[in-house]
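Have a look at my_file_24.pdb below; it lists PDB, C-alpha atoms (C1' of nucleotides).
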```pdb
ATOM      1  CA  MET A   1       0.000   0.000   0.000
ATOM      2  CA  LEU A   2       0.916   3.654  -0.401
ATOM      3  CA  TRP A   3       1.793   5.684   2.665
ATOM      4  CA  ARG A   4       1.130   9.422   2.527
ATOM      5  CA  ILE A   5       2.187  11.176   5.703
ATOM      6  CA  ASP A   6       2.279  14.941   6.130
ATOM      7  CA  PRO A   7       4.555  16.021   9.015
ATOM      8  CA  ALA A   8       3.240  19.580   8.728
ATOM      9  CA  GLY A   9      -0.432  18.618   8.785
ATOM     10  CA  ASP A  10      -2.967  19.280  11.547
ATOM     11  CA  ASP A  11      -3.306  15.619  12.402
ATOM     12  CA  ALA A  12      -0.957  13.730  14.664
ATOM     13  CA  LEU A  13       1.462  11.526  12.740
ATOM     14  CA  TYR A  14       0.257   8.344  14.401
ATOM     15  CA  ALA A  15      -3.349   9.302  13.654
ATOM     16  CA  GLN A  16      -2.474   9.765   9.998
ATOM     17  CA  LEU A  17      -0.998   6.280   9.945
ATOM     18  CA  VAL A  18      -4.145   4.860  11.515
ATOM     19  CA  ALA A  19      -6.348   6.583   8.958
ATOM     20  CA  GLN A  20      -4.159   5.375   6.077
ATOM     21  CA  VAL A  21      -4.685   1.776   7.087
ATOM     22  CA  HIS A  22      -8.430   2.299   7.355
ATOM     23  CA  LEU A  23      -8.491   3.788   3.873
ATOM     24  CA  ALA A  24      -6.401   0.989   2.434
ATOM     25  CA  VAL A  25      -8.751  -1.623   3.863
ATOM     26  CA  ALA A  26     -11.825   0.270   2.656
ATOM     27  CA  ARG A  27     -10.344   0.448  -0.844
ATOM     28  CA  GLY A  28      -9.472  -3.216  -0.867
ATOM     29  CA  GLU A  29      -5.765  -2.511  -1.032
ATOM     30  CA  LEU A  30      -5.398  -4.451   2.192
ATOM     31  CA  ALA A  31      -7.184  -7.737   2.802
ATOM     32  CA  ALA A  32      -7.511 -10.004   5.817
ATOM     33  CA  GLY A  33      -4.237 -11.830   6.400
ATOM     34  CA  ASP A  34      -2.126  -9.172   4.737
ATOM     35  CA  ARG A  35       0.815  -7.980   6.732
ATOM     36  CA  LEU A  36       1.866  -4.418   7.445
ATOM     37  CA  PRO A  37       5.557  -3.475   7.340
ATOM     38  CA  ALA A  38       7.573  -4.050  10.503
ATOM     39  CA  ALA A  39       7.470  -0.997  12.754
ATOM     40  CA  ARG A  40      11.200  -0.343  12.509
ATOM     41  CA  GLU A  41      11.112  -0.722   8.747
ATOM     42  CA  LEU A  42       8.149   1.602   8.226
ATOM     43  CA  ALA A  43       9.619   4.147  10.615
ATOM     44  CA  GLY A  44      12.824   4.083   8.604
ATOM     45  CA  SER A  45      11.210   4.573   5.212
ATOM     46  CA  LEU A  46       8.847   7.302   6.411
ATOM     47  CA  ASP A  47      11.533   8.969   8.510
ATOM     48  CA  LEU A  48       9.512   8.624  11.690
ATOM     49  CA  ASN A  49      10.364   7.371  15.138
ATOM     50  CA  VAL A  50       9.636   3.709  15.860
ATOM     51  CA  HIS A  51       7.431   4.676  18.781
ATOM     52  CA  THR A  52       5.229   6.804  16.554
ATOM     53  CA  VAL A  53       4.585   3.854  14.235
ATOM     54  CA  LEU A  54       4.044   1.505  17.163
ATOM     55  CA  LYS A  55       1.525   3.871  18.705
ATOM     56  CA  ALA A  56      -0.438   3.718  15.458
ATOM     57  CA  TYR A  57      -0.188  -0.078  15.324
ATOM     58  CA  GLN A  58      -1.316  -0.397  18.913
ATOM     59  CA  ARG A  59      -4.307   1.814  18.294
ATOM     60  CA  LEU A  60      -5.211  -0.252  15.227
ATOM     61  CA  ARG A  61      -4.988  -3.320  17.403
ATOM     62  CA  ASP A  62      -7.231  -1.725  20.036
ATOM     63  CA  GLU A  63      -9.746  -1.066  17.261
ATOM     64  CA  GLY A  64      -9.588  -4.679  16.167
ATOM     65  CA  LEU A  65      -8.222  -3.895  12.722
ATOM     66  CA  ILE A  66      -4.953  -5.765  13.079
ATOM     67  CA  GLU A  67      -3.299  -8.369  15.257
ATOM     68  CA  LEU A  68       0.186  -7.878  16.655
ATOM     69  CA  ARG A  69       2.550 -10.777  17.368
ATOM     70  CA  ARG A  70       6.231 -10.597  18.195
ATOM     71  CA  GLY A  71       8.306 -12.080  15.428
ATOM     72  CA  ARG A  72       5.372 -12.069  13.020
ATOM     73  CA  GLY A  73       4.355  -8.415  12.851
ATOM     74  CA  ALA A  74       1.017  -6.716  12.153
ATOM     75  CA  VAL A  75      -1.625  -8.730  10.316
ATOM     76  CA  VAL A  76      -4.990  -7.447   9.077
ATOM     77  CA  THR A  77      -7.915  -9.216  10.763
ATOM     78  CA  ALA A  78     -11.037 -10.620   9.147
ATOM     79  CA  ARG A  79     -13.111  -8.165  11.135
ATOM     80  CA  ALA A  80     -11.366  -5.336   9.327
ATOM     81  CA  GLU A  81     -12.970  -6.407   6.083
ATOM     82  CA  ALA A  82     -16.403  -5.501   7.444
ATOM     83  CA  ASP A  83     -18.465  -2.979   5.510
ATOM     84  CA  LEU A  84     -15.995  -0.144   5.181
ATOM     85  CA  PRO A  85     -17.038   0.873   1.641
ATOM     86  CA  PRO A  86     -20.393   2.253   2.902
ATOM     87  CA  VAL A  87     -18.433   4.226   5.445
ATOM     88  CA  GLU A  88     -16.289   5.599   2.649
ATOM     89  CA  ARG A  89     -19.329   6.716   0.686
ATOM     90  CA  ALA A  90     -20.905   8.399   3.713
ATOM     91  CA  LEU A  91     -17.552   9.995   4.439
ATOM     92  CA  ALA A  92     -17.306  11.484   0.959
ATOM     93  CA  ALA A  93     -20.835  12.868   1.206
ATOM     94  CA  LEU A  94     -20.100  14.484   4.546
ATOM     95  CA  VAL A  95     -16.904  16.051   3.278
ATOM     96  CA  ARG A  96     -18.804  17.565   0.368
ATOM     97  CA  ALA A  97     -21.496  19.030   2.641
ATOM     98  CA  ALA A  98     -18.965  20.282   5.177
ATOM     99  CA  ARG A  99     -16.922  21.995   2.482
ATOM    100  CA  ALA A 100     -20.056  23.601   1.061
ATOM    101  CA  ALA A 101     -20.827  24.935   4.525
ATOM    102  CA  ASN A 102     -17.266  26.199   4.898
ATOM    103  CA  LEU A 103     -16.601  24.060   7.952
ATOM    104  CA  SER A 104     -13.053  23.378   9.060
ATOM    105  CA  ALA A 105     -11.666  19.850   9.293
ATOM    106  CA  GLU A 106     -11.409  20.198  13.047
ATOM    107  CA  THR A 107     -14.971  21.374  13.487
ATOM    108  CA  THR A 108     -16.326  18.619  11.275
ATOM    109  CA  ALA A 109     -14.348  15.995  13.165
ATOM    110  CA  VAL A 110     -15.665  17.264  16.479
ATOM    111  CA  LEU A 111     -19.219  17.244  15.146
ATOM    112  CA  VAL A 112     -18.773  13.618  14.145
ATOM    113  CA  ARG A 113     -17.374  12.612  17.510
ATOM    114  CA  GLU A 114     -20.238  14.315  19.335
ATOM    115  CA  ALA A 115     -22.779  12.727  17.013
ATOM    116  CA  MET A 116     -21.233   9.312  17.598
ATOM    117  CA  ASN A 117     -21.397   9.768  21.359
ATOM    118  CA  ARG A 118     -25.066  10.578  21.304
TER     119      ARG A 118
ATOM    120  CA  MET B   1     -29.375  27.051  24.316
ATOM    121  CA  LEU B   2     -27.766  24.366  26.440
ATOM    122  CA  TRP B   3     -23.985  24.274  26.750
ATOM    123  CA  ARG B   4     -22.406  20.901  27.428
ATOM    124  CA  ILE B   5     -18.636  21.155  27.797
ATOM    125  CA  ASP B   6     -16.404  18.311  28.946
ATOM    126  CA  PRO B   7     -13.015  19.553  30.244
ATOM    127  CA  ALA B   8     -11.748  15.966  30.374
ATOM    128  CA  GLY B   9     -12.793  15.092  26.823
ATOM    129  CA  ASP B  10     -10.537  14.421  23.866
ATOM    130  CA  ASP B  11     -11.583  17.584  22.070
ATOM    131  CA  ALA B  12     -10.222  21.045  22.684
ATOM    132  CA  LEU B  13     -12.566  23.199  24.752
ATOM    133  CA  TYR B  14     -12.926  25.842  22.059
ATOM    134  CA  ALA B  15     -13.684  23.119  19.506
ATOM    135  CA  GLN B  16     -16.447  21.780  21.738
ATOM    136  CA  LEU B  17     -17.956  25.246  21.922
ATOM    137  CA  VAL B  18     -17.864  25.529  18.135
ATOM    138  CA  ALA B  19     -19.562  22.167  17.738
ATOM    139  CA  GLN B  20     -22.243  23.077  20.284
ATOM    140  CA  VAL B  21     -23.244  26.127  18.273
ATOM    141  CA  HIS B  22     -23.383  24.065  15.089
ATOM    142  CA  LEU B  23     -25.662  21.552  16.779
ATOM    143  CA  ALA B  24     -27.905  24.256  18.179
ATOM    144  CA  VAL B  25     -28.340  25.835  14.757
ATOM    145  CA  ALA B  26     -28.944  22.481  13.090
ATOM    146  CA  ARG B  27     -31.588  21.652  15.701
ATOM    147  CA  GLY B  28     -33.304  24.987  15.279
ATOM    148  CA  GLU B  29     -32.478  26.054  18.816
ATOM    149  CA  LEU B  30     -30.599  28.981  17.325
ATOM    150  CA  ALA B  31     -31.987  30.971  14.398
ATOM    151  CA  ALA B  32     -30.578  33.742  12.231
ATOM    152  CA  GLY B  33     -30.429  36.955  14.227
ATOM    153  CA  ASP B  34     -30.205  35.211  17.581
ATOM    154  CA  ARG B  35     -27.415  36.363  19.817
ATOM    155  CA  LEU B  36     -24.887  34.253  21.687
ATOM    156  CA  PRO B  37     -23.912  35.181  25.249
ATOM    157  CA  ALA B  38     -21.137  37.730  25.644
ATOM    158  CA  ALA B  39     -17.734  36.044  25.763
ATOM    159  CA  ARG B  40     -16.989  37.177  29.313
ATOM    160  CA  GLU B  41     -20.411  36.054  30.484
ATOM    161  CA  LEU B  42     -20.191  32.591  28.881
ATOM    162  CA  ALA B  43     -16.657  32.139  30.139
ATOM    163  CA  GLY B  44     -17.850  32.936  33.636
ATOM    164  CA  SER B  45     -20.775  30.531  33.629
ATOM    165  CA  LEU B  46     -18.789  27.677  32.055
ATOM    166  CA  ASP B  47     -15.730  28.387  34.190
ATOM    167  CA  LEU B  48     -13.500  28.925  31.158
ATOM    168  CA  ASN B  49     -11.090  31.630  30.192
ATOM    169  CA  VAL B  50     -12.388  34.474  28.039
ATOM    170  CA  HIS B  51      -9.817  33.714  25.353
ATOM    171  CA  THR B  52     -11.040  30.155  25.021
ATOM    172  CA  VAL B  53     -14.561  31.373  24.339
ATOM    173  CA  LEU B  54     -13.314  34.086  22.001
ATOM    174  CA  LYS B  55     -11.254  31.583  20.044
ATOM    175  CA  ALA B  56     -14.421  29.591  19.476
ATOM    176  CA  TYR B  57     -16.384  32.699  18.480
ATOM    177  CA  GLN B  58     -13.657  33.757  16.057
ATOM    178  CA  ARG B  59     -13.610  30.353  14.418
ATOM    179  CA  LEU B  60     -17.390  30.477  14.087
ATOM    180  CA  ARG B  61     -16.995  33.857  12.427
ATOM    181  CA  ASP B  62     -14.347  32.463  10.045
ATOM    182  CA  GLU B  63     -16.821  29.749   9.124
ATOM    183  CA  GLY B  64     -19.507  32.334   8.446
ATOM    184  CA  LEU B  65     -21.804  31.072  11.183
ATOM    185  CA  ILE B  66     -21.885  34.230  13.238
ATOM    186  CA  GLU B  67     -21.010  37.892  12.993
ATOM    187  CA  LEU B  68     -18.995  39.636  15.681
ATOM    188  CA  ARG B  69     -19.412  43.318  16.523
ATOM    189  CA  ARG B  70     -18.010  45.177  19.479
ATOM    190  CA  GLY B  71     -20.736  46.349  21.783
ATOM    191  CA  ARG B  72     -23.291  44.079  20.138
ATOM    192  CA  GLY B  73     -21.833  40.601  20.513
ATOM    193  CA  ALA B  74     -22.150  37.424  18.429
ATOM    194  CA  VAL B  75     -25.148  37.107  16.120
ATOM    195  CA  VAL B  76     -26.128  34.033  14.068
ATOM    196  CA  THR B  77     -26.070  34.669  10.302
ATOM    197  CA  ALA B  78     -28.669  33.667   7.712
ATOM    198  CA  ARG B  79     -26.073  31.552   5.905
ATOM    199  CA  ALA B  80     -25.824  29.314   8.963
ATOM    200  CA  GLU B  81     -29.449  28.248   8.684
ATOM    201  CA  ALA B  82     -29.131  27.410   4.997
ATOM    202  CA  ASP B  83     -25.892  25.436   5.003
ATOM    203  CA  LEU B  84     -26.112  23.320   8.118
ATOM    204  CA  PRO B  85     -29.094  20.997   7.470
ATOM    205  CA  PRO B  86     -27.301  19.171   4.599
ATOM    206  CA  VAL B  87     -24.337  18.685   6.900
ATOM    207  CA  GLU B  88     -26.601  17.229   9.567
ATOM    208  CA  ARG B  89     -28.082  14.738   7.102
ATOM    209  CA  ALA B  90     -24.651  13.625   5.885
ATOM    210  CA  LEU B  91     -23.553  13.396   9.497
ATOM    211  CA  ALA B  92     -26.416  11.097  10.413
ATOM    212  CA  ALA B  93     -25.696   8.848   7.437
ATOM    213  CA  LEU B  94     -22.042   8.583   8.395
ATOM    214  CA  VAL B  95     -22.854   7.750  11.990
ATOM    215  CA  ARG B  96     -25.121   4.959  10.813
ATOM    216  CA  ALA B  97     -22.470   3.493   8.502
ATOM    217  CA  ALA B  98     -19.737   3.846  11.105
ATOM    218  CA  ARG B  99     -21.831   2.080  13.738
ATOM    219  CA  ALA B 100     -22.630  -0.714  11.293
ATOM    220  CA  ALA B 101     -18.908  -1.141  10.671
ATOM    221  CA  ASN B 102     -18.209  -1.141  14.400
ATOM    222  CA  LEU B 103     -15.979   1.925  14.276
ATOM    223  CA  SER B 104     -15.325   3.938  17.419
ATOM    224  CA  ALA B 105     -16.149   7.613  17.691
ATOM    225  CA  GLU B 106     -12.467   8.427  17.835
ATOM    226  CA  THR B 107     -11.611   6.435  14.725
ATOM    227  CA  THR B 108     -14.469   7.928  12.758
ATOM    228  CA  ALA B 109     -13.460  11.435  13.765
ATOM    229  CA  VAL B 110      -9.883  10.846  12.614
ATOM    230  CA  LEU B 111     -11.099   9.454   9.306
ATOM    231  CA  VAL B 112     -13.184  12.563   8.770
ATOM    232  CA  ARG B 113     -10.323  14.880   9.568
ATOM    233  CA  GLU B 114      -8.060  12.977   7.189
ATOM    234  CA  ALA B 115     -10.672  13.036   4.446
ATOM    235  CA  MET B 116     -11.161  16.772   4.929
ATOM    236  CA  ASN B 117      -7.453  17.409   4.639
ATOM    237  CA  ARG B 118      -7.155  15.626   1.342
TER     238      ARG B 118
ATOM    239  C1'  DC C   1     -21.277  60.413  28.315
ATOM    240  C1'  DA C   2     -21.071  55.656  30.701
ATOM    241  C1'  DC C   3     -21.314  51.007  29.447
ATOM    242  C1'  DT C   4     -20.951  46.830  26.833
ATOM    243  C1'  DT C   5     -18.321  43.841  24.122
ATOM    244  C1'  DG C   6     -14.910  42.297  20.924
ATOM    245  C1'  DT C   7      -9.672  42.914  19.865
ATOM    246  C1'  DT C   8      -5.000  42.763  20.863
ATOM    247  C1'  DA C   9      -0.749  41.989  23.612
ATOM    248  C1'  DT C  10       2.153  39.664  26.882
ATOM    249  C1'  DA C  11       3.366  35.862  29.716
ATOM    250  C1'  DG C  12       3.214  31.571  32.336
ATOM    251  C1'  DT C  13       1.502  26.517  32.811
ATOM    252  C1'  DT C  14       0.206  22.128  31.266
ATOM    253  C1'  DG C  15      -0.137  17.883  28.535
ATOM    254  C1'  DA C  16       0.054  15.346  24.194
ATOM    255  C1'  DG C  17       2.980  14.211  20.582
ATOM    256  C1'  DA C  18       7.338  13.074  18.874
ATOM    257  C1'  DT C  19      12.045  11.837  19.360
ATOM    258  C1'  DA C  20      16.045   8.973  21.163
ATOM    259  C1'  DG C  21      18.375   4.945  23.066
ATOM    260  C1'  DA C  22      18.263   0.737  25.339
ATOM    261  C1'  DA C  23      16.946  -3.561  27.209
ATOM    262  C1'  DC C  24      13.534  -7.338  27.176
ATOM    263  C1'  DA C  25      10.160 -11.155  25.478
ATOM    264  C1'  DA C  26       7.921 -14.022  22.245
ATOM    265  C1'  DG C  27       7.714 -15.893  17.970
ATOM    266  C1'  DT C  28      10.143 -17.573  13.342
ATOM    267  C1'  DA C  29      13.333 -20.183  10.699
ATOM    268  C1'  DA C  30      17.596 -22.709   9.699
TER     269       DA C  30
ATOM    270  C1'  DT D   1      19.589 -25.285  19.811
ATOM    271  C1'  DT D   2      20.818 -21.005  17.743
ATOM    272  C1'  DA D   3      20.350 -16.733  15.206
ATOM    273  C1'  DC D   4      17.179 -13.508  13.800
ATOM    274  C1'  DT D   5      12.941 -10.856  13.619
ATOM    275  C1'  DT D   6       9.638  -8.064  15.722
ATOM    276  C1'  DG D   7       6.675  -6.232  19.207
ATOM    277  C1'  DT D   8       6.871  -4.560  24.329
ATOM    278  C1'  DT D   9       8.401  -1.766  27.954
ATOM    279  C1'  DC D  10      11.102   1.872  30.178
ATOM    280  C1'  DT D  11      13.376   6.305  30.880
ATOM    281  C1'  DA D  12      14.339  10.803  29.290
ATOM    282  C1'  DT D  13      14.121  15.013  26.590
ATOM    283  C1'  DC D  14      12.106  18.486  23.416
ATOM    284  C1'  DT D  15       8.423  21.083  21.216
ATOM    285  C1'  DC D  16       4.081  23.149  20.488
ATOM    286  C1'  DA D  17      -0.904  23.916  20.878
ATOM    287  C1'  DA D  18      -4.254  24.742  24.263
ATOM    288  C1'  DC D  19      -5.456  27.031  28.268
ATOM    289  C1'  DT D  20      -5.082  30.379  31.753
ATOM    290  C1'  DA D  21      -4.256  35.094  33.644
ATOM    291  C1'  DT D  22      -4.032  40.288  33.410
ATOM    292  C1'  DA D  23      -4.447  44.252  31.225
ATOM    293  C1'  DA D  24      -5.086  47.807  28.037
ATOM    294  C1'  DC D  25      -7.458  49.310  23.788
ATOM    295  C1'  DA D  26     -11.279  50.147  20.131
ATOM    296  C1'  DA D  27     -15.801  50.245  18.283
ATOM    297  C1'  DG D  28     -20.563  50.198  18.899
ATOM    298  C1'  DT D  29     -24.850  50.840  22.182
ATOM    299  C1'  DG D  30     -28.176  53.437  24.838
TER     300       DG D  30
END
```

Using the file provided, produce a representation of the structure as structure tokens.
Amino acid sequence: MLWRIDPAGDDALYAQLVAQVHLAVARGELAAGDRLPAARELAGSLDLNVHTVLKAYQRLRDEGLIELRRGRGAVVTARAEADLPPVERALAALVRAARAANLSAETTAVLVREAMNR
Amino acid sequence: MLWRIDPAGDDALYAQLVAQVHLAVARGELAAGDRLPAARELAGSLDLNVHTVLKAYQRLRDEGLIELRRGRGAVVTARAEADLPPVERALAALVRAARAANLSAETTAVLVREAMNR
DNA sequence: CACTTGTTATAGTTGAGATAGAACAAGTAA
DNA sequence: TTACTTGTTCTATCTCAACTATAACAAGTG
């Protein structure tokens, strides 16, 4: 998969990594059983610290998207292949509406989090 | 309107204020021409600093949701009433899809922020 | 005019994020 | 077994956005 990380962006680096994996799974670029690069390797190629990558991996594990095993690495779970395409479509629609309303990324994200917690 | 701020939440306080106003407008609790509390007053009742409230008000102004005038305060614009309902609909659709896919509020929020910044 | 309210400036505190280096533990593979 | 891979844990440091605190200033209200 392709990794696009923006060190100058508003999002935390580890959060960008997490989102990239979600996108890749939603697009079918990552399937259950596929393996992510080793943390040290990915950190090296993206010029990030190992801990930053591991924080992303650990969050992905907490979300049930991947499994982590020493010696084996990070493997995409079957659960991850759940209906993410519908999420992608809804996401695109929201982005369009939010842009039309001139909302910032931060504001839109907060609106989503509050709506989810309701 | 009702203000629900969580100092221990993941979101910045000013961002929560911004989201609250969006929700109030979308729900019809705030209409064009309505006035928000004075910054010093709201800060006092919510036990926040004036600058935190003002940062929220200024972001709302940047988004075209309110107008700010010295001596008069913060007034909801007509544009706010027109642009927010579509956002609310898209928001509801996303929440449904995200719940169906078992995504957490945090994950969904990050996905939105990433999608907005692309 | 007195008063309200947003604007601007300066400064200190706090916590999350990121970096760095090192040792440790569990699994893989020859 | 042995060598290697890879995640886990720990300590420490640095930076920056968010928040707080005070205070003066400017524009509009009544």

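Take atom CA of A:Ala43 and atom C1' of C:DG21: the distance between them is 15.2 Å.
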
Contacts of stretch 17-25 of chain D at 12 Å or less, counting all atoms listed in the file, minus same-chain residues fewer than 4 places along, as a PyMOL selection string? (chain A and resi 10+12) or (chain B and resi 7+11-15+43+47-53+55) or (chain C and resi 6-17)

How would the residues just chosen look if you wrote them out with C-alpha atoms (C1' of nucleotides) as a short mmCIF file (atom, residue, chain, number, x, y, z; two decimals), in the frame of the given file?
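Okay, again-v9.cif is ready:
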```cif
data_model
loop_
_atom_site.label_atom_id
_atom_site.label_comp_id
_atom_site.auth_asym_id
_atom_site.auth_seq_id
_atom_site.Cartn_x
_atom_site.Cartn_y
_atom_site.Cartn_z
CA ASP A 10 -2.97 19.28 11.55
CA ALA A 12 -0.96 13.73 14.66
CA PRO B 7 -13.02 19.55 30.24
CA ASP B 11 -11.58 17.58 22.07
CA ALA B 12 -10.22 21.04 22.68
CA LEU B 13 -12.57 23.20 24.75
CA TYR B 14 -12.93 25.84 22.06
CA ALA B 15 -13.68 23.12 19.51
CA ALA B 43 -16.66 32.14 30.14
CA ASP B 47 -15.73 28.39 34.19
CA LEU B 48 -13.50 28.92 31.16
CA ASN B 49 -11.09 31.63 30.19
CA VAL B 50 -12.39 34.47 28.04
CA HIS B 51 -9.82 33.71 25.35
CA THR B 52 -11.04 30.16 25.02
CA VAL B 53 -14.56 31.37 24.34
CA LYS B 55 -11.25 31.58 20.04
"C1'" DG C 6 -14.91 42.30 20.92
"C1'" DT C 7 -9.67 42.91 19.86
"C1'" DT C 8 -5.00 42.76 20.86
"C1'" DA C 9 -0.75 41.99 23.61
"C1'" DT C 10 2.15 39.66 26.88
"C1'" DA C 11 3.37 35.86 29.72
"C1'" DG C 12 3.21 31.57 32.34
"C1'" DT C 13 1.50 26.52 32.81
"C1'" DT C 14 0.21 22.13 31.27
"C1'" DG C 15 -0.14 17.88 28.54
"C1'" DA C 16 0.05 15.35 24.19
"C1'" DG C 17 2.98 14.21 20.58
#
```

Selection: 12 Å around D:DA3, all atoms listed in the file, excl. self and same-chain fewer than 5 positions, as a VMD selection string: chain C and resid 28 to 30

Kindly export the residues of the current selection with C-alpha atoms (C1' of nucleotides), as a PDB file, keeping the file's coordinate frame.
```pdb
ATOM      1  C1'  DT C  28      10.143 -17.573  13.342  1.00  0.00           C
ATOM      2  C1'  DA C  29      13.333 -20.183  10.699  1.00  0.00           C
ATOM      3  C1'  DA C  30      17.596 -22.709   9.699  1.00  0.00           C
TER       4       DA C  30
END
```

Care to translate the PyMOL selection byres ((chain A and resi 37) around 12) into actual residues of this file, as a PyMOL selection string? (chain A and resi 1-3+21+34-36+38-46+50+53-54+57+68+72-76) or (chain D and resi 6)

Taking the file as shown, find all residues satisfying the PyMOL selection byres ((chain D and resi 10-16) around 9) and write them as a ChimeraX atom specification. /C:17-20,22-23 /D:9,17

Got time to write the residues from that selection, C-alpha atoms (C1' of nucleotides), as an mmCIF file, in the coordinates of the input?
```cif
data_model
loop_
_atom_site.group_PDB
_atom_site.id
_atom_site.type_symbol
_atom_site.label_atom_id
_atom_site.label_comp_id
_atom_site.auth_asym_id
_atom_site.auth_seq_id
_atom_site.Cartn_x
_atom_site.Cartn_y
_atom_site.Cartn_z
ATOM 1 C "C1'" DG C 17 2.980 14.211 20.582
ATOM 2 C "C1'" DA C 18 7.338 13.074 18.874
ATOM 3 C "C1'" DT C 19 12.045 11.837 19.360
ATOM 4 C "C1'" DA C 20 16.045 8.973 21.163
ATOM 5 C "C1'" DA C 22 18.263 0.737 25.339
ATOM 6 C "C1'" DA C 23 16.946 -3.561 27.209
ATOM 7 C "C1'" DT D 9 8.401 -1.766 27.954
ATOM 8 C "C1'" DA D 17 -0.904 23.916 20.878
#
```

Taking only residues of chain B that have an atom at most 7 Å from an atom of chain A, what is each one's shortest atom pair and its distance in Å to one decimal, using all atoms listed in the file, in chain and number order, as JSON lines?
```
{"residue": "B:Asp11", "atom": "CA", "partner": "A:Val110", "partner_atom": "CA", "distance": 6.9}
{"residue": "B:Ala15", "atom": "CA", "partner": "A:Thr107", "partner_atom": "CA", "distance": 6.4}
{"residue": "B:Gln16", "atom": "CA", "partner": "A:Val110", "partner_atom": "CA", "distance": 7.0}
{"residue": "B:Val18", "atom": "CA", "partner": "A:Thr107", "partner_atom": "CA", "distance": 6.9}
{"residue": "B:Ala19", "atom": "CA", "partner": "A:Leu111", "partner_atom": "CA", "distance": 5.6}
{"residue": "B:Glu63", "atom": "CA", "partner": "A:Asn102", "partner_atom": "CA", "distance": 5.5}
{"residue": "B:Asp83", "atom": "CA", "partner": "A:Ala101", "partner_atom": "CA", "distance": 5.1}
{"residue": "B:Leu84", "atom": "CA", "partner": "A:Ala101", "partner_atom": "CA", "distance": 6.6}
{"residue": "B:Pro86", "atom": "CA", "partner": "A:Ala97", "partner_atom": "CA", "distance": 6.1}
{"residue": "B:Val87", "atom": "CA", "partner": "A:Ala97", "partner_atom": "CA", "distance": 5.1}
{"residue": "B:Ala90", "atom": "CA", "partner": "A:Leu94", "partner_atom": "CA", "distance": 4.8}
{"residue": "B:Leu91", "atom": "CA", "partner": "A:Leu94", "partner_atom": "CA", "distance": 6.1}
{"residue": "B:Ala93", "atom": "CA", "partner": "A:Ala90", "partner_atom": "CA", "distance": 6.1}
{"residue": "B:Leu94", "atom": "CA", "partner": "A:Ala90", "partner_atom": "CA", "distance": 4.8}
{"residue": "B:Val95", "atom": "CA", "partner": "A:Met116", "partner_atom": "CA", "distance": 6.0}
{"residue": "B:Ala97", "atom": "CA", "partner": "A:Val87", "partner_atom": "CA", "distance": 5.1}
{"residue": "B:Ala98", "atom": "CA", "partner": "A:Val87", "partner_atom": "CA", "distance": 5.8}
{"residue": "B:Ala101", "atom": "CA", "partner": "A:Asp83", "partner_atom": "CA", "distance": 5.5}
{"residue": "B:Ala105", "atom": "CA", "partner": "A:Arg113", "partner_atom": "CA", "distance": 5.2}
{"residue": "B:Glu106", "atom": "CA", "partner": "A:Arg113", "partner_atom": "CA", "distance": 6.5}
{"residue": "B:Ala109", "atom": "CA", "partner": "A:Ala109", "partner_atom": "CA", "distance": 4.7}
{"residue": "B:Val110", "atom": "CA", "partner": "A:Ala19", "partner_atom": "CA", "distance": 6.6}
{"residue": "B:Leu111", "atom": "CA", "partner": "A:Ala19", "partner_atom": "CA", "distance": 5.6}
{"residue": "B:Val112", "atom": "CA", "partner": "A:Ala109", "partner_atom": "CA", "distance": 5.7}
{"residue": "B:Arg113", "atom": "CA", "partner": "A:Ala105", "partner_atom": "CA", "distance": 5.2}
{"residue": "B:Glu114", "atom": "CA", "partner": "A:Ala19", "partner_atom": "CA", "distance": 6.9}
{"residue": "B:Met116", "atom": "CA", "partner": "A:Ala105", "partner_atom": "CA", "distance": 5.4}
{"residue": "B:Asn117", "atom": "CA", "partner": "A:Ala105", "partner_atom": "CA", "distance": 6.7}
```

Kindly export the residues of the current selection with C-alpha atoms, as an mmCIF file, in the coordinates of the input.
```cif
data_model
loop_
_atom_site.group_PDB
_atom_site.id
_atom_site.type_symbol
_atom_site.label_atom_id
_atom_site.label_comp_id
_atom_site.auth_asym_id
_atom_site.auth_seq_id
_atom_site.Cartn_x
_atom_site.Cartn_y
_atom_site.Cartn_z
ATOM 1 C CA ASP B 11 -11.583 17.584 22.070
ATOM 2 C CA ALA B 15 -13.684 23.119 19.506
ATOM 3 C CA GLN B 16 -16.447 21.780 21.738
ATOM 4 C CA VAL B 18 -17.864 25.529 18.135
ATOM 5 C CA ALA B 19 -19.562 22.167 17.738
ATOM 6 C CA GLU B 63 -16.821 29.749 9.124
ATOM 7 C CA ASP B 83 -25.892 25.436 5.003
ATOM 8 C CA LEU B 84 -26.112 23.320 8.118
ATOM 9 C CA PRO B 86 -27.301 19.171 4.599
ATOM 10 C CA VAL B 87 -24.337 18.685 6.900
ATOM 11 C CA ALA B 90 -24.651 13.625 5.885
ATOM 12 C CA LEU B 91 -23.553 13.396 9.497
ATOM 13 C CA ALA B 93 -25.696 8.848 7.437
ATOM 14 C CA LEU B 94 -22.042 8.583 8.395
ATOM 15 C CA VAL B 95 -22.854 7.750 11.990
ATOM 16 C CA ALA B 97 -22.470 3.493 8.502
ATOM 17 C CA ALA B 98 -19.737 3.846 11.105
ATOM 18 C CA ALA B 101 -18.908 -1.141 10.671
ATOM 19 C CA ALA B 105 -16.149 7.613 17.691
ATOM 20 C CA GLU B 106 -12.467 8.427 17.835
ATOM 21 C CA ALA B 109 -13.460 11.435 13.765
ATOM 22 C CA VAL B 110 -9.883 10.846 12.614
ATOM 23 C CA LEU B 111 -11.099 9.454 9.306
ATOM 24 C CA VAL B 112 -13.184 12.563 8.770
ATOM 25 C CA ARG B 113 -10.323 14.880 9.568
ATOM 26 C CA GLU B 114 -8.060 12.977 7.189
ATOM 27 C CA MET B 116 -11.161 16.772 4.929
ATOM 28 C CA ASN B 117 -7.453 17.409 4.639
#
```
